[in-house]
Amino acid sequence: MAITKTQSVNGNGATLTLNTVVATALLTMQDSIYRATRTGATEPVPTDTAGTWSAAINPAAAAFIGTSHDVGTGIFFQANVASGTHTITPEANTIHHTTFSEWGSAATSLPSDQSTSASTSNTSHTSRTTGTTGALAQADELVLINHSMAAENGTLDVTYTDPVSGFTTLQKVSNDTSDLAMFHAWKTVAATTAVSATFNWTAAEANQTSFACIATFKGAAAAGGSGHGLFIPPLLNGLGSGGPFFNNQIG
Amino acid sequence: MTILFQGNRTIPAGANESSVFPVPQNIKQPAQALQVQLALVWDDFPAGTTSIEIFLSLDGGVTFPRSAGGTWDMPHEFRGNQPHFAVVGFSLGANDIVTHAKYVTNAPAQFTTQVTVSAVSV
């Protein structure tokens, strides 16, 4: 069953809130960050008023303007969520542009599958691939991609190619002079072929750093299956007893 | 992108609801979601935490059951020259037909800033 987008909110403030989230949905947070100091640290998982998040991919930030600043990115998720309002607080960086999304028909246990990332530091360039993942675990997955980019002088419009081929844009910022240029997008796939994406733009200069990443998430198993190999014993007079596979304590 | 409103607004202290903006039906494309976006000049925000929440209607403006938003703090360390924008965008699914939008702010003090409300198919 293909994963579908229920709703998403994007912004650059301290927190983001989604209301009327449906129970058992998958929540994802895509983040593009800039730090005015150099730490090289990964971005930690966000906090949430209604659950606990995990990282699908959160690589160490790339150096920008020599080793004075950071440019980074990350994709985070929470599966099988509680219904209602979720307010997330990403790491408080100098700049972050965050996309917070709710997805239906995703696996409710261990949905995170493949991920990879790649960066270019302090070099003039006009494209950045995410890198190619391994083969997907199943032929029904959600693919999320991020790009983050800053330039020492920069421009108000880096002129991204939009959309990224095959993807639907969630959020885009084109200013890499007084802001952080960024691009978040998604698609679903119906094959186990490894995935990658390439971001393209036209503005380039010597002190330019960009970071791209990609993460995939498994769809829910089709009706009648568990999706993660849990053995369901046959009924024995309704008691479930009689041997190692029929222990009532399983599950 | 279609601009639904752009102009200076005085945002009062406390909770305040905007007027309702009809969303033209020719913006959303088939199989794509419609996103309503707000942009305000962050440099104008008062000290403290300002929240902005977008509400969407699917029934001609009768009810606004769907909402999302965020918070912005001042002071804040910005990068580069002004202006810097507080931006928030909210979208539903590809099959949801949004008819109207409004926003609610909650600011620690009154301030005046340029507000841009826009809609785009994503």
# chains A, B, ... in the order shown; residues from 1 in each chain; ligands from 1
>>> residues_around(residues="A:Trp103", least_positions_apart="3", cutoff="10 Å", atoms="only C-alpha atoms", output="ChimeraX atom specification")
/A:3-8,21-22,24-28,79,106,142,219 /B:93
>>> write_last_selection(atoms="N, CA and C atoms", output="JSON list (two decimals), in the first residue's frame")
[["chain", "number", "residue", "atom", "x", "y", "z"],
["A", 3, "ILE", "N", 2.49, 4.78, 0.49],
["A", 3, "ILE", "CA", 2.43, 5.81, 1.52],
["A", 3, "ILE", "C", 1.87, 7.08, 0.90],
["A", 4, "THR", "N", 1.02, 7.78, 1.64],
["A", 4, "THR", "CA", 0.44, 9.03, 1.17],
["A", 4, "THR", "C", 0.73, 10.14, 2.16],
["A", 5, "LYS", "N", 0.85, 11.36, 1.64],
["A", 5, "LYS", "CA", 1.07, 12.50, 2.50],
["A", 5, "LYS", "C", -0.28, 13.01, 3.01],
["A", 6, "THR", "N", -0.40, 13.13, 4.33],
["A", 6, "THR", "CA", -1.62, 13.64, 4.94],
["A", 6, "THR", "C", -1.55, 15.16, 5.08],
["A", 7, "GLN", "N", -0.44, 15.65, 5.61],
["A", 7, "GLN", "CA", -0.26, 17.09, 5.79],
["A", 7, "GLN", "C", 1.21, 17.37, 6.07],
["A", 8, "SER", "N", 1.60, 18.61, 5.86],
["A", 8, "SER", "CA", 2.96, 19.01, 6.22],
["A", 8, "SER", "C", 3.00, 20.49, 6.51],
["A", 21, "VAL", "N", -3.14, 15.10, 14.09],
["A", 21, "VAL", "CA", -2.35, 13.97, 13.58],
["A", 21, "VAL", "C", -3.11, 12.68, 13.89],
["A", 22, "VAL", "N", -3.09, 11.77, 12.94],
["A", 22, "VAL", "CA", -3.83, 10.51, 13.07],
["A", 22, "VAL", "C", -2.96, 9.48, 13.79],
["A", 24, "THR", "N", -1.07, 6.17, 14.70],
["A", 24, "THR", "CA", -0.29, 5.19, 13.93],
["A", 24, "THR", "C", 0.38, 5.78, 12.69],
["A", 25, "ALA", "N", 0.20, 7.07, 12.42],
["A", 25, "ALA", "CA", 0.86, 7.68, 11.26],
["A", 25, "ALA", "C", 2.38, 7.70, 11.45],
["A", 26, "LEU", "N", 3.09, 7.96, 10.36],
["A", 26, "LEU", "CA", 4.53, 8.21, 10.38],
["A", 26, "LEU", "C", 4.74, 9.72, 10.33],
["A", 27, "LEU", "N", 5.53, 10.24, 11.24],
["A", 27, "LEU", "CA", 5.92, 11.65, 11.18],
["A", 27, "LEU", "C", 7.39, 11.73, 10.76],
["A", 28, "THR", "N", 7.70, 12.68, 9.90],
["A", 28, "THR", "CA", 9.09, 12.90, 9.50],
["A", 28, "THR", "C", 9.45, 14.36, 9.68],
["A", 79, "ALA", "N", 7.53, 6.78, 14.32],
["A", 79, "ALA", "CA", 6.56, 5.84, 13.76],
["A", 79, "ALA", "C", 5.45, 5.57, 14.76],
["A", 106, "ALA", "N", 2.17, 3.97, 6.32],
["A", 106, "ALA", "CA", 3.58, 3.63, 6.53],
["A", 106, "ALA", "C", 3.68, 2.48, 7.53],
["A", 142, "LEU", "N", 8.66, 5.24, 0.84],
["A", 142, "LEU", "CA", 8.69, 6.70, 0.74],
["A", 142, "LEU", "C", 10.15, 7.13, 0.68],
["A", 219, "GLY", "N", 6.54, 1.15, 3.50],
["A", 219, "GLY", "CA", 5.10, 1.23, 3.59],
["A", 219, "GLY", "C", 4.56, 0.12, 4.46],
["B", 93, "GLY", "N", -3.25, 16.92, 1.87],
["B", 93, "GLY", "CA", -2.98, 15.90, 0.87],
["B", 93, "GLY", "C", -3.37, 16.34, -0.52]]
>>> interface_residues(of="chain B", to="chain A", cutoff="7 Å", atoms="only C-alpha atoms", output="count of residues only")
21
>>> atom_distance(atom1="atom CA of B:Ala101", atom2="atom CA of B:Trp42")
21.5 Å
>>> residues_around(residues="B:Val98", least_positions_apart="6", cutoff="10 Å", atoms="only C-alpha atoms", output="PyMOL selection string")
chain B and resi 22-25+28+33-36+56-61+64+66+91-92
>>> residues_around(residues="A:Ala55", least_positions_apart="4", cutoff="9 Å", atoms="only C-alpha atoms", output="PDB file with C-alpha atoms, in the first residue's frame")
ATOM      1  CA  PRO A  44      20.425  15.706  17.292  1.00  0.00           C
ATOM      2  CA  VAL A  45      16.880  14.360  17.137  1.00  0.00           C
ATOM      3  CA  GLY A  74      19.204  15.539   8.589  1.00  0.00           C
ATOM      4  CA  ILE A  75      16.080  13.424   8.292  1.00  0.00           C
ATOM      5  CA  PHE A  76      14.280  12.219  11.420  1.00  0.00           C
ATOM      6  CA  PHE A  77      11.162  10.167  12.043  1.00  0.00           C
ATOM      7  CA  GLN A  78       8.645   8.917  14.556  1.00  0.00           C
ATOM      8  CA  SER A 112      13.425   3.463   8.346  1.00  0.00           C
TER       9      SER A 112
END
>>> residues_around(residues="A:Thr198", least_positions_apart="2", cutoff="7 Å", atoms="only C-alpha atoms", output="PDB file with all heavy atoms, in the first residue's frame")
ATOM      1  N   SER A 127      25.856  21.457  -8.712  1.00  0.00           N
ATOM      2  CA  SER A 127      25.030  20.277  -8.505  1.00  0.00           C
ATOM      3  C   SER A 127      25.577  19.489  -7.335  1.00  0.00           C
ATOM      4  O   SER A 127      26.775  19.583  -6.999  1.00  0.00           O
ATOM      5  CB  SER A 127      24.956  19.400  -9.754  1.00  0.00           C
ATOM      6  OG  SER A 127      26.200  18.773  -9.991  1.00  0.00           O
ATOM      7  N   ARG A 128      24.674  18.745  -6.723  1.00  0.00           N
ATOM      8  CA  ARG A 128      25.072  17.923  -5.583  1.00  0.00           C
ATOM      9  C   ARG A 128      24.129  16.716  -5.544  1.00  0.00           C
ATOM     10  O   ARG A 128      22.904  16.872  -5.444  1.00  0.00           O
ATOM     11  CB  ARG A 128      24.960  18.728  -4.284  1.00  0.00           C
ATOM     12  CG  ARG A 128      25.293  17.994  -2.972  1.00  0.00           C
ATOM     13  CD  ARG A 128      26.735  17.552  -2.906  1.00  0.00           C
ATOM     14  NE  ARG A 128      26.875  16.141  -3.242  1.00  0.00           N
ATOM     15  CZ  ARG A 128      28.033  15.514  -3.441  1.00  0.00           C
ATOM     16  NH1 ARG A 128      29.167  16.153  -3.307  1.00  0.00           N
ATOM     17  NH2 ARG A 128      28.042  14.238  -3.745  1.00  0.00           N
ATOM     18  N   THR A 129      24.707  15.521  -5.653  1.00  0.00           N
ATOM     19  CA  THR A 129      23.897  14.316  -5.524  1.00  0.00           C
ATOM     20  C   THR A 129      23.813  13.917  -4.061  1.00  0.00           C
ATOM     21  O   THR A 129      24.674  14.274  -3.239  1.00  0.00           O
ATOM     22  CB  THR A 129      24.501  13.153  -6.328  1.00  0.00           C
ATOM     23  OG1 THR A 129      25.748  12.790  -5.728  1.00  0.00           O
ATOM     24  CG2 THR A 129      24.732  13.549  -7.770  1.00  0.00           C
ATOM     25  N   THR A 130      22.793  13.124  -3.753  1.00  0.00           N
ATOM     26  CA  THR A 130      22.637  12.617  -2.399  1.00  0.00           C
ATOM     27  C   THR A 130      23.555  11.433  -2.143  1.00  0.00           C
ATOM     28  O   THR A 130      23.800  11.073  -0.991  1.00  0.00           O
ATOM     29  CB  THR A 130      21.204  12.129  -2.180  1.00  0.00           C
ATOM     30  OG1 THR A 130      20.910  11.087  -3.134  1.00  0.00           O
ATOM     31  CG2 THR A 130      20.206  13.264  -2.342  1.00  0.00           C
ATOM     32  N   ASN A 200      20.229  20.545  -8.680  1.00  0.00           N
ATOM     33  CA  ASN A 200      20.951  21.408  -9.614  1.00  0.00           C
ATOM     34  C   ASN A 200      20.552  22.864  -9.419  1.00  0.00           C
ATOM     35  O   ASN A 200      19.398  23.155  -9.071  1.00  0.00           O
ATOM     36  CB  ASN A 200      20.650  20.999 -11.060  1.00  0.00           C
ATOM     37  CG  ASN A 200      21.176  19.623 -11.387  1.00  0.00           C
ATOM     38  OD1 ASN A 200      22.374  19.421 -11.535  1.00  0.00           O
ATOM     39  ND2 ASN A 200      20.275  18.665 -11.478  1.00  0.00           N
TER      40      ASN A 200
END
>>> residues_around(residues="A:Glu205", least_positions_apart="2", cutoff="9 Å", atoms="only C-alpha atoms", output="PDB file with N, CA and C atoms, in the first residue's frame")
ATOM      1  N   ASN A 122      33.324  24.386   0.429  1.00  0.00           N
ATOM      2  CA  ASN A 122      34.186  25.492   0.011  1.00  0.00           C
ATOM      3  C   ASN A 122      34.694  25.351  -1.420  1.00  0.00           C
ATOM      4  N   THR A 123      33.775  25.000  -2.314  1.00  0.00           N
ATOM      5  CA  THR A 123      34.121  24.772  -3.720  1.00  0.00           C
ATOM      6  C   THR A 123      32.982  25.266  -4.593  1.00  0.00           C
ATOM      7  N   SER A 124      33.316  25.909  -5.678  1.00  0.00           N
ATOM      8  CA  SER A 124      32.286  26.336  -6.620  1.00  0.00           C
ATOM      9  C   SER A 124      31.664  25.108  -7.271  1.00  0.00           C
ATOM     10  N   HIS A 125      30.344  24.996  -7.197  1.00  0.00           N
ATOM     11  CA  HIS A 125      29.672  23.851  -7.808  1.00  0.00           C
ATOM     12  C   HIS A 125      28.221  24.197  -8.071  1.00  0.00           C
ATOM     13  N   ALA A 151      26.703  30.227   0.697  1.00  0.00           N
ATOM     14  CA  ALA A 151      27.842  30.803  -0.023  1.00  0.00           C
ATOM     15  C   ALA A 151      28.297  32.046   0.715  1.00  0.00           C
ATOM     16  N   GLU A 152      29.604  32.335   0.669  1.00  0.00           N
ATOM     17  CA  GLU A 152      30.136  33.457   1.447  1.00  0.00           C
ATOM     18  C   GLU A 152      29.529  34.777   0.982  1.00  0.00           C
ATOM     19  N   ASN A 153      29.438  35.004  -0.306  1.00  0.00           N
ATOM     20  CA  ASN A 153      28.770  36.183  -0.845  1.00  0.00           C
ATOM     21  C   ASN A 153      27.327  35.842  -1.189  1.00  0.00           C
ATOM     22  N   GLY A 154      27.144  34.890  -2.022  1.00  0.00           N
ATOM     23  CA  GLY A 154      25.832  34.337  -2.309  1.00  0.00           C
ATOM     24  C   GLY A 154      24.980  35.218  -3.189  1.00  0.00           C
ATOM     25  N   ALA A 203      23.750  29.334  -9.559  1.00  0.00           N
ATOM     26  CA  ALA A 203      24.665  30.260  -8.881  1.00  0.00           C
ATOM     27  C   ALA A 203      25.814  29.498  -8.233  1.00  0.00           C
ATOM     28  N   ASN A 207      33.686  29.990  -2.289  1.00  0.00           N
ATOM     29  CA  ASN A 207      33.390  29.566  -0.914  1.00  0.00           C
ATOM     30  C   ASN A 207      31.918  29.180  -0.807  1.00  0.00           C
ATOM     31  N   GLN A 208      31.622  28.006  -1.317  1.00  0.00           N
ATOM     32  CA  GLN A 208      30.245  27.526  -1.373  1.00  0.00           C
ATOM     33  C   GLN A 208      30.229  26.095  -0.854  1.00  0.00           C
TER      34      GLN A 208
END
>>> closest_residue(among="B:Val115, B:Met74, B:Val120, B:Leu4", to="B:Ala39", atoms="only C-alpha atoms")
B:Val115
>>> atom_distance(atom1="atom CA of B:Pro46", atom2="atom CA of B:Ala109")
6.0 Å
>>> select_by_dssp(residues="stretch 45-118 of chain B", states="strand (DSSP E)", output="ChimeraX atom specification")
/B:48-57,66-74,85-91,100-107,111-118
>>> residues_around(residues="B:Thr10", least_positions_apart="3", cutoff="9 Å", atoms="only C-alpha atoms", output="PyMOL selection string")
chain B and resi 110-114
>>> write_last_selection(atoms="N, CA and C atoms", output="short mmCIF file (atom, residue, chain, number, x, y, z; two decimals), in the first residue's frame")
data_model
loop_
_atom_site.label_atom_id
_atom_site.label_comp_id
_atom_site.auth_asym_id
_atom_site.auth_seq_id
_atom_site.Cartn_x
_atom_site.Cartn_y
_atom_site.Cartn_z
N GLN B 110 2.68 44.44 20.62
CA GLN B 110 2.23 44.89 19.31
C GLN B 110 3.41 45.24 18.42
N PHE B 111 3.33 44.92 17.14
CA PHE B 111 4.36 45.31 16.19
C PHE B 111 3.75 45.43 14.80
N THR B 112 4.45 46.13 13.94
CA THR B 112 3.99 46.32 12.56
C THR B 112 5.00 45.71 11.61
N THR B 113 4.52 44.99 10.63
CA THR B 113 5.41 44.30 9.71
C THR B 113 4.70 44.06 8.38
N GLN B 114 5.47 43.77 7.36
CA GLN B 114 4.86 43.37 6.09
C GLN B 114 4.47 41.90 6.16
#
>>> atom_distance(atom1="atom CA of A:Asn80", atom2="atom CA of A:Thr108")
4.7 Å
>>> closest_residue(among="A:Pro46, A:Gly84, A:Gly51, A:Pro90", to="A:Ile33", atoms="only C-alpha atoms")
A:Pro90
